[in-house]
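Dropping structure22.pdb in here (PDB, C-alpha atoms):
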ATOM      1  CA  MET A   1      19.674-149.106 126.569  1.00  0.00           C
ATOM      2  CA  GLY A   2      16.230-150.681 126.173  1.00  0.00           C
ATOM      3  CA  GLY A   3      13.069-148.735 125.536  1.00  0.00           C
ATOM      4  CA  SER A   4      10.772-147.416 128.221  1.00  0.00           C
ATOM      5  CA  ALA A   5       8.036-149.503 129.835  1.00  0.00           C
ATOM      6  CA  ALA A   6       5.453-147.563 127.800  1.00  0.00           C
ATOM      7  CA  GLU A   7       7.273-148.325 124.542  1.00  0.00           C
ATOM      8  CA  THR A   8       7.490-151.992 125.487  1.00  0.00           C
ATOM      9  CA  TRP A   9       3.775-152.084 126.279  1.00  0.00           C
ATOM     10  CA  VAL A  10       2.878-150.458 122.939  1.00  0.00           C
ATOM     11  CA  SER A  11       5.079-152.932 121.080  1.00  0.00           C
ATOM     12  CA  SER A  12       3.518-155.886 122.910  1.00  0.00           C
ATOM     13  CA  ALA A  13       0.007-154.598 122.235  1.00  0.00           C
ATOM     14  CA  ALA A  14       0.780-154.220 118.523  1.00  0.00           C
ATOM     15  CA  GLU A  15       2.232-157.717 118.350  1.00  0.00           C
ATOM     16  CA  GLU A  16      -0.790-159.146 120.164  1.00  0.00           C
ATOM     17  CA  ARG A  17      -3.191-157.430 117.728  1.00  0.00           C
ATOM     18  CA  ALA A  18      -1.177-158.760 114.772  1.00  0.00           C
ATOM     19  CA  GLU A  19      -1.412-162.281 116.204  1.00  0.00           C
ATOM     20  CA  GLU A  20      -5.169-161.885 116.736  1.00  0.00           C
ATOM     21  CA  GLN A  21      -5.656-160.749 113.139  1.00  0.00           C
ATOM     22  CA  ALA A  22      -3.515-163.570 111.790  1.00  0.00           C
ATOM     23  CA  SER A  23      -5.565-166.029 113.833  1.00  0.00           C
ATOM     24  CA  ALA A  24      -8.800-164.475 112.562  1.00  0.00           C
ATOM     25  CA  ALA A  25      -7.639-164.874 108.966  1.00  0.00           C
ATOM     26  CA  VAL A  26      -6.979-168.573 109.535  1.00  0.00           C
ATOM     27  CA  GLN A  27     -10.146-169.238 111.499  1.00  0.00           C
ATOM     28  CA  VAL A  28     -12.473-167.366 109.137  1.00  0.00           C
ATOM     29  CA  TRP A  29     -13.010-170.685 107.344  1.00  0.00           C
ATOM     30  CA  SER A  30     -14.110-172.262 110.615  1.00  0.00           C
ATOM     31  CA  MET A  31     -17.734-172.568 111.713  1.00  0.00           C
ATOM     32  CA  GLY A  32     -16.553-172.344 115.300  1.00  0.00           C
ATOM     33  CA  ALA A  33     -15.194-168.845 114.719  1.00  0.00           C
ATOM     34  CA  LEU A  34     -18.532-167.676 113.300  1.00  0.00           C
ATOM     35  CA  ALA A  35     -20.899-169.214 115.850  1.00  0.00           C
ATOM     36  CA  GLY A  36     -23.103-166.611 117.492  1.00  0.00           C
ATOM     37  CA  ARG A  37     -22.270-163.943 114.901  1.00  0.00           C
ATOM     38  CA  LEU A  38     -24.090-161.987 112.216  1.00  0.00           C
ATOM     39  CA  VAL A  39     -21.796-162.039 109.175  1.00  0.00           C
ATOM     40  CA  GLU A  40     -22.080-160.055 105.943  1.00  0.00           C
ATOM     41  CA  VAL A  41     -20.098-161.116 102.869  1.00  0.00           C
ATOM     42  CA  THR A  42     -20.055-158.495 100.135  1.00  0.00           C
ATOM     43  CA  HIS A  43     -18.966-159.607  96.693  1.00  0.00           C
ATOM     44  CA  ARG A  44     -18.583-158.257  93.184  1.00  0.00           C
ATOM     45  CA  GLY A  45     -18.640-161.281  90.921  1.00  0.00           C
ATOM     46  CA  ALA A  46     -20.848-164.273  90.306  1.00  0.00           C
ATOM     47  CA  GLY A  47     -20.193-167.243  92.532  1.00  0.00           C
ATOM     48  CA  THR A  48     -17.547-165.554  94.701  1.00  0.00           C
ATOM     49  CA  ALA A  49     -19.400-165.441  98.016  1.00  0.00           C
ATOM     50  CA  MET A  50     -21.256-168.659  97.196  1.00  0.00           C
ATOM     51  CA  THR A  51     -17.945-170.548  97.111  1.00  0.00           C
ATOM     52  CA  TRP A  52     -17.130-169.513 100.654  1.00  0.00           C
ATOM     53  CA  ALA A  53     -20.685-170.203 101.829  1.00  0.00           C
ATOM     54  CA  ALA A  54     -20.472-173.688 100.302  1.00  0.00           C
ATOM     55  CA  GLU A  55     -17.303-174.318 102.314  1.00  0.00           C
ATOM     56  CA  LEU A  56     -19.170-173.348 105.489  1.00  0.00           C
ATOM     57  CA  LEU A  57     -22.157-175.538 104.575  1.00  0.00           C
ATOM     58  CA  TRP A  58     -19.825-178.494 104.167  1.00  0.00           C
ATOM     59  CA  GLN A  59     -18.151-177.813 107.528  1.00  0.00           C
ATOM     60  CA  ALA A  60     -21.481-177.473 109.324  1.00  0.00           C
ATOM     61  CA  GLN A  61     -22.786-180.710 107.830  1.00  0.00           C
ATOM     62  CA  GLN A  62     -19.598-182.550 108.744  1.00  0.00           C
ATOM     63  CA  ALA A  63     -20.217-181.427 112.333  1.00  0.00           C
ATOM     64  CA  GLY A  64     -23.791-182.755 112.185  1.00  0.00           C
ATOM     65  CA  GLU A  65     -25.383-179.292 112.133  1.00  0.00           C
ATOM     66  CA  PRO A  66     -28.599-178.778 110.118  1.00  0.00           C
ATOM     67  CA  THR A  67     -28.188-176.000 107.537  1.00  0.00           C
ATOM     68  CA  ALA A  68     -30.442-173.723 105.511  1.00  0.00           C
ATOM     69  CA  TRP A  69     -30.000-171.574 102.418  1.00  0.00           C
ATOM     70  CA  ILE A  70     -32.498-168.736 101.950  1.00  0.00           C
ATOM     71  CA  CYS A  71     -32.518-166.926  98.614  1.00  0.00           C
ATOM     72  CA  THR A  72     -34.420-163.935  97.252  1.00  0.00           C
ATOM     73  CA  GLY A  73     -36.194-163.295  93.966  1.00  0.00           C
ATOM     74  CA  SER A  74     -34.905-165.451  91.120  1.00  0.00           C
ATOM     75  CA  ARG A  75     -31.655-166.246  92.927  1.00  0.00           C
ATOM     76  CA  LEU A  76     -31.021-169.934  93.567  1.00  0.00           C
ATOM     77  CA  PRO A  77     -27.811-171.781  94.474  1.00  0.00           C
ATOM     78  CA  PHE A  78     -26.358-173.776  91.577  1.00  0.00           C
ATOM     79  CA  ALA A  79     -26.868-177.335  92.821  1.00  0.00           C
ATOM     80  CA  PRO A  80     -23.995-178.988  90.855  1.00  0.00           C
ATOM     81  CA  ASP A  81     -21.518-176.562  92.441  1.00  0.00           C
ATOM     82  CA  LEU A  82     -22.753-177.273  95.961  1.00  0.00           C
ATOM     83  CA  ILE A  83     -22.497-181.016  95.302  1.00  0.00           C
ATOM     84  CA  ARG A  84     -18.997-180.518  93.915  1.00  0.00           C
ATOM     85  CA  TYR A  85     -17.961-178.784  97.128  1.00  0.00           C
ATOM     86  CA  GLY A  86     -19.245-181.764  99.108  1.00  0.00           C
ATOM     87  CA  VAL A  87     -22.559-180.319 100.302  1.00  0.00           C
ATOM     88  CA  ASP A  88     -25.369-182.829 100.928  1.00  0.00           C
ATOM     89  CA  LEU A  89     -28.371-181.121  99.339  1.00  0.00           C
ATOM     90  CA  GLU A  90     -30.821-183.440 101.080  1.00  0.00           C
ATOM     91  CA  ALA A  91     -29.489-182.193 104.417  1.00  0.00           C
ATOM     92  CA  CYS A  92     -29.787-178.498 103.499  1.00  0.00           C
ATOM     93  CA  ALA A  93     -33.146-176.726 103.578  1.00  0.00           C
ATOM     94  CA  VAL A  94     -33.523-174.341 100.612  1.00  0.00           C
ATOM     95  CA  VAL A  95     -36.112-171.570 100.947  1.00  0.00           C
ATOM     96  CA  ARG A  96     -37.021-169.028  98.259  1.00  0.00           C
ATOM     97  CA  THR A  97     -38.494-165.667  99.280  1.00  0.00           C
ATOM     98  CA  GLY A  98     -39.437-162.419  97.589  1.00  0.00           C
ATOM     99  CA  GLU A  99     -37.004-159.904  99.044  1.00  0.00           C
ATOM    100  CA  ALA A 100     -34.432-159.329 101.786  1.00  0.00           C
ATOM    101  CA  GLN A 101     -36.811-158.563 104.664  1.00  0.00           C
ATOM    102  CA  GLN A 102     -38.867-161.687 103.936  1.00  0.00           C
ATOM    103  CA  ALA A 103     -35.651-163.719 103.898  1.00  0.00           C
ATOM    104  CA  ALA A 104     -34.697-162.313 107.294  1.00  0.00           C
ATOM    105  CA  VAL A 105     -38.157-163.132 108.713  1.00  0.00           C
ATOM    106  CA  CYS A 106     -37.751-166.689 107.427  1.00  0.00           C
ATOM    107  CA  ALA A 107     -34.324-166.914 109.082  1.00  0.00           C
ATOM    108  CA  ASP A 108     -35.885-165.679 112.317  1.00  0.00           C
ATOM    109  CA  LYS A 109     -38.423-168.530 112.253  1.00  0.00           C
ATOM    110  CA  LEU A 110     -35.797-171.170 111.465  1.00  0.00           C
ATOM    111  CA  LEU A 111     -33.427-169.988 114.185  1.00  0.00           C
ATOM    112  CA  ARG A 112     -36.168-169.880 116.819  1.00  0.00           C
ATOM    113  CA  SER A 113     -36.450-173.656 116.455  1.00  0.00           C
ATOM    114  CA  GLY A 114     -32.902-173.983 117.780  1.00  0.00           C
ATOM    115  CA  ALA A 115     -32.266-176.698 115.195  1.00  0.00           C
ATOM    116  CA  PHE A 116     -29.999-174.869 112.709  1.00  0.00           C
ATOM    117  CA  GLY A 117     -26.284-174.323 113.135  1.00  0.00           C
ATOM    118  CA  LEU A 118     -25.851-172.297 109.942  1.00  0.00           C
ATOM    119  CA  VAL A 119     -28.288-170.154 107.970  1.00  0.00           C
ATOM    120  CA  VAL A 120     -27.120-168.526 104.722  1.00  0.00           C
ATOM    121  CA  LEU A 121     -29.149-165.692 103.196  1.00  0.00           C
ATOM    122  CA  ASP A 122     -28.407-164.802  99.571  1.00  0.00           C
ATOM    123  CA  LEU A 123     -29.760-161.244  99.457  1.00  0.00           C
ATOM    124  CA  GLY A 124     -28.198-159.700  96.359  1.00  0.00           C
ATOM    125  CA  GLU A 125     -28.413-155.923  95.959  1.00  0.00           C
ATOM    126  CA  ARG A 126     -30.610-153.536  97.955  1.00  0.00           C
ATOM    127  CA  ALA A 127     -30.489-155.739 101.038  1.00  0.00           C
ATOM    128  CA  ASP A 128     -32.588-153.490 103.262  1.00  0.00           C
ATOM    129  CA  ILE A 129     -33.448-155.160 106.584  1.00  0.00           C
ATOM    130  CA  PRO A 130     -34.871-153.242 109.589  1.00  0.00           C
ATOM    131  CA  THR A 131     -32.482-152.823 112.519  1.00  0.00           C
ATOM    132  CA  ALA A 132     -34.965-154.385 114.952  1.00  0.00           C
ATOM    133  CA  LEU A 133     -35.102-157.557 112.845  1.00  0.00           C
ATOM    134  CA  LEU A 134     -31.318-157.724 112.597  1.00  0.00           C
ATOM    135  CA  GLY A 135     -31.187-157.345 116.373  1.00  0.00           C
ATOM    136  CA  ARG A 136     -33.491-160.339 116.837  1.00  0.00           C
ATOM    137  CA  LEU A 137     -31.359-162.418 114.476  1.00  0.00           C
ATOM    138  CA  THR A 138     -28.210-161.484 116.372  1.00  0.00           C
ATOM    139  CA  LYS A 139     -29.766-162.482 119.691  1.00  0.00           C
ATOM    140  CA  LEU A 140     -30.979-165.794 118.248  1.00  0.00           C
ATOM    141  CA  ALA A 141     -27.525-166.523 116.820  1.00  0.00           C
ATOM    142  CA  GLN A 142     -25.954-165.920 120.218  1.00  0.00           C
ATOM    143  CA  THR A 143     -28.614-167.923 122.077  1.00  0.00           C
ATOM    144  CA  HIS A 144     -28.279-170.987 119.851  1.00  0.00           C
ATOM    145  CA  SER A 145     -24.567-170.595 118.906  1.00  0.00           C
ATOM    146  CA  ALA A 146     -25.586-170.433 115.260  1.00  0.00           C
ATOM    147  CA  ALA A 147     -23.881-168.609 112.394  1.00  0.00           C
ATOM    148  CA  ILE A 148     -25.911-166.276 110.180  1.00  0.00           C
ATOM    149  CA  VAL A 149     -24.166-165.458 106.911  1.00  0.00           C
ATOM    150  CA  MET A 150     -25.725-162.835 104.636  1.00  0.00           C
ATOM    151  CA  LEU A 151     -24.435-162.552 101.062  1.00  0.00           C
ATOM    152  CA  THR A 152     -24.793-159.093  99.526  1.00  0.00           C
ATOM    153  CA  GLU A 153     -23.640-157.441  96.299  1.00  0.00           C
ATOM    154  CA  GLY A 154     -22.213-153.952  96.001  1.00  0.00           C
ATOM    155  CA  GLU A 155     -19.218-151.729  96.565  1.00  0.00           C
ATOM    156  CA  ALA A 156     -16.906-152.387  99.501  1.00  0.00           C
ATOM    157  CA  ALA A 157     -17.532-148.934 100.952  1.00  0.00           C
ATOM    158  CA  SER A 158     -21.290-149.502 101.125  1.00  0.00           C
ATOM    159  CA  ALA A 159     -22.270-151.203 104.387  1.00  0.00           C
ATOM    160  CA  ALA A 160     -25.581-152.704 103.336  1.00  0.00           C
ATOM    161  CA  LEU A 161     -26.703-154.178 106.639  1.00  0.00           C
ATOM    162  CA  GLY A 162     -25.556-151.566 109.145  1.00  0.00           C
ATOM    163  CA  SER A 163     -23.924-151.494 112.563  1.00  0.00           C
ATOM    164  CA  LEU A 164     -25.234-154.756 114.032  1.00  0.00           C
ATOM    165  CA  VAL A 165     -23.068-156.848 111.709  1.00  0.00           C
ATOM    166  CA  SER A 166     -20.295-158.470 113.754  1.00  0.00           C
ATOM    167  CA  LEU A 167     -18.070-159.430 110.819  1.00  0.00           C
ATOM    168  CA  ARG A 168     -18.152-157.864 107.354  1.00  0.00           C
ATOM    169  CA  LEU A 169     -16.028-159.361 104.605  1.00  0.00           C
ATOM    170  CA  LEU A 170     -15.221-158.468 101.026  1.00  0.00           C
ATOM    171  CA  ALA A 171     -14.958-161.584  98.838  1.00  0.00           C
ATOM    172  CA  GLU A 172     -12.878-161.465  95.659  1.00  0.00           C
ATOM    173  CA  ARG A 173     -11.842-164.187  93.218  1.00  0.00           C
ATOM    174  CA  GLU A 174      -8.458-164.371  91.481  1.00  0.00           C
ATOM    175  CA  MET A 175      -8.473-166.704  88.475  1.00  0.00           C
ATOM    176  CA  SER A 176      -5.584-168.775  87.115  1.00  0.00           C
ATOM    177  CA  ASP A 177      -5.019-170.171  83.605  1.00  0.00           C
ATOM    178  CA  GLY A 178      -5.409-173.753  84.815  1.00  0.00           C
ATOM    179  CA  GLY A 179      -9.011-173.365  85.928  1.00  0.00           C
ATOM    180  CA  GLU A 180      -8.031-172.946  89.584  1.00  0.00           C
ATOM    181  CA  SER A 181      -8.896-169.818  91.504  1.00  0.00           C
ATOM    182  CA  ARG A 182      -8.011-168.259  94.804  1.00  0.00           C
ATOM    183  CA  LEU A 183     -10.780-166.856  96.952  1.00  0.00           C
ATOM    184  CA  ARG A 184      -9.635-163.881  99.000  1.00  0.00           C
ATOM    185  CA  LEU A 185     -11.528-162.448 101.962  1.00  0.00           C
ATOM    186  CA  THR A 186     -10.716-159.043 103.441  1.00  0.00           C
ATOM    187  CA  ALA A 187     -12.158-157.966 106.778  1.00  0.00           C
ATOM    188  CA  LEU A 188     -13.852-154.585 106.365  1.00  0.00           C
ATOM    189  CA  LYS A 189     -15.209-154.845 109.896  1.00  0.00           C
ATOM    190  CA  ASP A 190     -14.523-157.266 112.735  1.00  0.00           C
ATOM    191  CA  LYS A 191     -15.812-156.538 116.233  1.00  0.00           C
ATOM    192  CA  ARG A 192     -13.616-159.268 117.736  1.00  0.00           C
ATOM    193  CA  SER A 193     -10.207-158.918 116.095  1.00  0.00           C
ATOM    194  CA  GLY A 194     -10.391-155.562 114.323  1.00  0.00           C
ATOM    195  CA  PRO A 195     -10.593-154.905 110.564  1.00  0.00           C
ATOM    196  CA  GLY A 196      -7.860-155.068 107.953  1.00  0.00           C
ATOM    197  CA  TRP A 197      -6.829-158.720 107.986  1.00  0.00           C
ATOM    198  CA  ASN A 198      -7.273-160.986 104.985  1.00  0.00           C
ATOM    199  CA  GLY A 199      -7.169-164.682 104.187  1.00  0.00           C
ATOM    200  CA  SER A 200      -7.352-166.804 101.060  1.00  0.00           C
ATOM    201  CA  LEU A 201      -8.390-170.273  99.984  1.00  0.00           C
ATOM    202  CA  GLN A 202      -7.448-172.186  96.832  1.00  0.00           C
ATOM    203  CA  VAL A 203     -10.641-173.426  95.164  1.00  0.00           C
ATOM    204  CA  GLN A 204     -11.840-174.783  91.848  1.00  0.00           C
ATOM    205  CA  GLN A 205     -13.796-172.569  89.479  1.00  0.00           C
ATOM    206  CA  PRO A 206     -17.563-173.080  89.947  1.00  0.00           C
ATOM    207  CA  LEU A 207     -19.176-175.144  87.215  1.00  0.00           C
ATOM    208  CA  GLY A 208     -21.869-172.489  86.868  1.00  0.00           C
ATOM    209  CA  LEU A 209     -19.275-169.987  85.601  1.00  0.00           C
ATOM    210  CA  ARG A 210     -17.826-172.203  82.847  1.00  0.00           C
TER     211      ARG A 210
END

Translate this structure into structure tokens?
Amino acid sequence: MGGSAAETWVSSAAEERAEEQASAAVQVWSMGALAGRLVEVTHRGAGTAMTWAAELLWQAQQAGEPTAWICTGSRLPFAPDLIRYGVDLEACAVVRTGEAQQAAVCADKLLRSGAFGLVVLDLGERADIPTALLGRLTKLAQTHSAAIVMLTEGEAASAALGSLVSLRLLAEREMSDGGESRLRLTALKDKRSGPGWNGSLQVQQPLGLR
């Protein structure tokens, strides 16, 4: 005999969640899936999160969306790598600030214009941003359907930016002997589809790491 109605419902719910997570893993490379969200990408390795951010910059530019890259301290994106990934540097505003809070204030000003579809903040370690400021950024992202992607460095268990982050990913790079690498993203937190899913993308090794 078949299972009870409750057992059937539980099975259906589990299958639906699995489908949602599989869809999230596929769509994580899509700007459309990130619009209106505050995203944190934690990485442990030079160039790992930048590779994924470059993919998003390319997508946003292909869709005609103005983009911006805000970096802190001595951190700057390696221009040859961005060009290699297809990013038009002349169409991407690059802003250099002192520390994480200043970068967030800059993002706030850019987003208030309503002109930017994607803003990337390369924050490094010790990315301490007040909750009130993160709240304003989240509201601006939702109002203008923009994606805010914050790149941080540290351990996976350390949530640098706190509870307002909608999607938190761990970025890891797996190298091959032929110079190719696979970029793997694992969802540590996802307010839409739930955590635990992962996705990967085959990429070339950044020139800046050779």

*Could you tell me how far atom CA of Ala103 of chain A lies from atom CA of Lys189 of chain A, in Å and to one decimal?*
23.1 Å

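Our summary of the geometry notes that atom CA of Val120 of chain A is positioned 21.2 Å from atom CA of Asn198 of chain A.
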
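When all atoms listed in the file are used to measure the gap to Ile148 of chain A, the shortest distance among A:Leu38, A:Ala132, A:Val165, A:Ala49 belongs to A:Leu38.
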
Could you work out an axis-aligned bounding box for all listed atoms of segment 183-189 of chain A, with 6 Å added on each of the six sides, and give its centre and edge lengths in Å to one decimal, as AutoDock Vina command-line options?
--center_x -12.4 --center_y -160.7 --center_z 103.4 --size_x 17.6 --size_y 24.3 --size_z 24.9

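Evaluated against this file, the PyMOL selection byres ((chain A and resi 94) around 7) yields Ala68, Trp69, Ile70, Cys92, Ala93, Val95 and Arg96 of chain A.
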
*For the file shown, report as a VMD selection string the outcome of the PyMOL selection byres ((chain A and resi 100) around 12) at residue level.*
chain A and resid 70 to 73 75 96 to 99 101 to 107 121 to 130 133 to 134 150 to 152 160 to 161

_Since I can't run it myself right now, could you work out what the PyMOL selection byres ((chain A and resi 191) around 12) selects here and report it as a list in words?_
Glu20, Gln21, Ala24, Leu34, Arg37, Leu38, Val39, Ser163, Leu164, Val165, Ser166, Leu167, Arg168, Leu169, Ala187, Leu188, Lys189, Asp190, Arg192, Ser193, Gly194, Pro195 and Gly196 of chain A

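Interatomic distance, atom CA of Thr186 of chain A against atom CA of Arg173 of chain A: 11.5 Å.
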
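Distance annotation: of A:Pro77, A:His144, A:Glu40, A:Leu185, the residue with the minimal separation from Gly162 of chain A is A:Glu40; atom set is only C-alpha atoms.
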
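Between Gln61 of chain A and the residues A:Gly86, A:Gly199, A:Gly114, A:Gly135, the shortest atom-to-atom distance, using only C-alpha atoms, involves A:Gly86.
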
*Kindly extract all protein, DNA and RNA residues lying within 8 Å of the coordinates (-28.5, -185.9, 110.1) given in the file, considering only C-alpha atoms, and supply them as a PyMOL selection string.*
chain A and resi 64-66+91

*Give as a count of residues only every residue, naming chains and numbers as the document does, that has an atom within 10 Å of (-17.7, -174.7, 100.0), counting all atoms listed in the file.*
20
